[in-house]
Every structure is written in structure tokens, then in C-alpha cells.
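Have a look at model-v3.cif below; it lists mmCIF, C-alpha atoms.
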```
data_final
loop_
_atom_site.group_PDB
_atom_site.id
_atom_site.type_symbol
_atom_site.label_atom_id
_atom_site.label_comp_id
_atom_site.auth_asym_id
_atom_site.auth_seq_id
_atom_site.Cartn_x
_atom_site.Cartn_y
_atom_site.Cartn_z
ATOM 1 C CA MET Y 1 35.996 -24.783 29.140
ATOM 2 C CA LYS Y 2 36.172 -21.193 30.415
ATOM 3 C CA ALA Y 3 32.424 -20.815 29.810
ATOM 4 C CA LEU Y 4 31.682 -23.920 31.900
ATOM 5 C CA ALA Y 5 33.891 -22.688 34.739
ATOM 6 C CA SER Y 6 32.133 -19.326 34.648
ATOM 7 C CA VAL Y 7 28.685 -20.954 34.842
ATOM 8 C CA VAL Y 8 29.727 -23.169 37.755
ATOM 9 C CA GLN Y 9 31.216 -20.227 39.619
ATOM 10 C CA LYS Y 10 28.131 -18.049 39.111
ATOM 11 C CA SER Y 11 25.691 -20.779 40.111
ATOM 12 C CA SER Y 12 27.554 -21.652 43.308
ATOM 13 C CA THR Y 13 27.880 -17.997 44.283
ATOM 14 C CA GLY Y 14 24.169 -17.404 43.731
ATOM 15 C CA ALA Y 15 23.186 -20.417 45.829
ATOM 16 C CA SER Y 16 25.193 -19.308 48.841
ATOM 17 C CA ALA Y 17 23.871 -15.767 48.600
ATOM 18 C CA ALA Y 18 20.270 -17.033 48.485
ATOM 19 C CA SER Y 19 20.637 -19.278 51.530
ATOM 20 C CA LYS Y 20 22.330 -16.518 53.525
ATOM 21 C CA SER Y 21 19.495 -14.088 52.929
ATOM 22 C CA SER Y 22 16.811 -16.694 53.712
ATOM 23 C CA ASN Y 23 18.267 -17.142 57.220
ATOM 24 C CA ASP Y 24 18.397 -13.434 58.040
ATOM 25 C CA PRO Y 25 14.938 -13.260 59.719
ATOM 26 C CA LEU Y 26 15.787 -16.226 61.967
ATOM 27 C CA LEU Y 27 19.161 -14.766 62.880
ATOM 28 C CA GLY Y 28 17.411 -11.557 63.858
ATOM 29 C CA LEU Y 29 14.993 -13.433 66.131
ATOM 30 C CA ILE Y 30 17.840 -15.222 67.904
ATOM 31 C CA LYS Y 31 19.140 -11.854 69.112
ATOM 32 C CA ASP Y 32 15.773 -11.069 70.760
ATOM 33 C CA ALA Y 33 15.655 -12.578 74.265
ATOM 34 C CA LYS Y 34 11.837 -12.721 74.090
ATOM 35 C CA GLN Y 35 11.905 -15.183 71.170
ATOM 36 C CA TRP Y 36 12.353 -18.947 71.622
ATOM 37 C CA VAL Y 37 13.535 -19.988 68.153
ATOM 38 C CA SER Y 38 14.332 -23.654 68.780
ATOM 39 C CA PRO Y 39 13.253 -26.380 71.238
ATOM 40 C CA THR Y 40 16.260 -25.521 73.400
ATOM 41 C CA GLY Y 41 15.865 -21.756 73.170
ATOM 42 C CA ASP Y 42 18.751 -20.983 70.858
ATOM 43 C CA TYR Y 43 21.499 -22.656 68.833
ATOM 44 C CA ALA Y 44 23.749 -22.745 71.924
ATOM 45 C CA ASN Y 45 21.131 -24.951 73.686
ATOM 46 C CA THR Y 46 21.051 -22.657 76.722
ATOM 47 C CA ARG Y 47 17.471 -23.578 77.705
ATOM 48 C CA HIS Y 48 17.275 -20.261 79.549
ATOM 49 C CA SER Y 49 14.801 -17.429 79.298
ATOM 50 C CA ALA Y 50 15.540 -13.980 80.676
ATOM 51 C CA LEU Y 51 11.815 -13.258 80.977
ATOM 52 C CA LYS Y 52 10.524 -12.621 84.494
ATOM 53 C CA GLN Y 53 6.820 -13.556 84.221
ATOM 54 C CA ILE Y 54 7.213 -16.925 85.982
ATOM 55 C CA THR Y 55 8.472 -16.574 89.531
ATOM 56 C CA THR Y 56 8.752 -18.866 92.556
ATOM 57 C CA GLU Y 57 5.567 -17.240 93.865
ATOM 58 C CA ASN Y 58 3.368 -18.015 90.826
ATOM 59 C CA ALA Y 59 4.987 -21.222 89.477
ATOM 60 C CA GLY Y 60 2.551 -23.431 91.417
ATOM 61 C CA LYS Y 61 -0.398 -21.788 89.659
ATOM 62 C CA LEU Y 62 0.738 -22.745 86.147
ATOM 63 C CA GLN Y 63 -1.714 -24.833 84.117
ATOM 64 C CA LEU Y 64 -1.520 -26.708 80.842
ATOM 65 C CA ALA Y 65 -2.197 -24.277 77.994
ATOM 66 C CA TRP Y 66 -1.673 -26.651 75.060
ATOM 67 C CA GLN Y 67 -0.123 -30.017 74.237
ATOM 68 C CA PHE Y 68 1.170 -31.785 71.171
ATOM 69 C CA SER Y 69 0.657 -35.480 70.652
ATOM 70 C CA THR Y 70 2.818 -37.571 68.331
#
```

Mind turning the file's structure into C-alpha cells?
Amino acid sequence: MKALASVVQKSSTGASAASKSSNDPLLGLIKDAKQWVSPTGDYANTRHSALKQITTENAGKLQLAWQFST
């Protein structure tokens, strides 16, 4: 019984450690304001970009660059 408990404990600990490390690159990107890591910008759904390339002066000149059809 102790052997079974030890195996269960080790396997559950290993699984959580693996999933934590696989998210590290994404978590690093979230901290970079230049990265848009989800459809809403970030996990807080802020839908805000701190970038300054689009202004009220040049917004009217924007054109379609790509589209995705479903």
C-alpha cells in the first residue's frame, strides 16, 4: 500500500511540474506589452495595446492586411 501511495504521489507531482514549465514561455510573453498573446490581448481581457504606431492622424489610412475565413 505504501508503494502505491508513493507512485501516485510521484506521478501527480511530476505532472504538475511538467505543465508549469510548459507555460513559462507564454507567461513571459504576457509581460511584454508588444505581444498580443490571446484574442483579447491578455488573460485580463484588456483589449488594449500600449503601442503608438496607430494614431488619430493615420487611422483612416489603414487597409486590410489579412483575413481569416471560417

| message | From the options Y:Thr70, Y:Ala50, Y:Asp24, Y:Ala59, which residue's atoms come nearest to Trp36 (chain Y), counting only C-alpha atoms? | response |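 Ranked by minimum distance to Trp36 (chain Y), first place goes to Y:Ala50.
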
| message | To one decimal place in Å, what is the distance between CA of Leu26 (chain Y) and CA of Thr46 (chain Y)? | response |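 Spanning CA of Leu26 (chain Y) to CA of Thr46 (chain Y) is a straight-line distance of 16.9 Å.
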
| message | Can you spell out as a list in words the set of residues that the PyMOL selection byres ((chain Y and resi 33) around 12) selects in the structure I just provided? | response | Gly28, Leu29, Ile30, Lys31, Asp32, Lys34, Gln35, Trp36, Val37, Gly41, Asp42, Thr46, Arg47, His48, Ser49, Ala50, Leu51 and Lys52 of chain Y

Give the centre and edge lengths of an axis-aligned box, in Å to one decimal, that holds all listed atoms of region 21-25 of chain Y with 8 Å on each side, as AutoDock Vina command-line options.
```
--center_x 17.2 --center_y -15.2 --center_z 56.3 --size_x 20.6 --size_y 19.9 --size_z 22.8
```
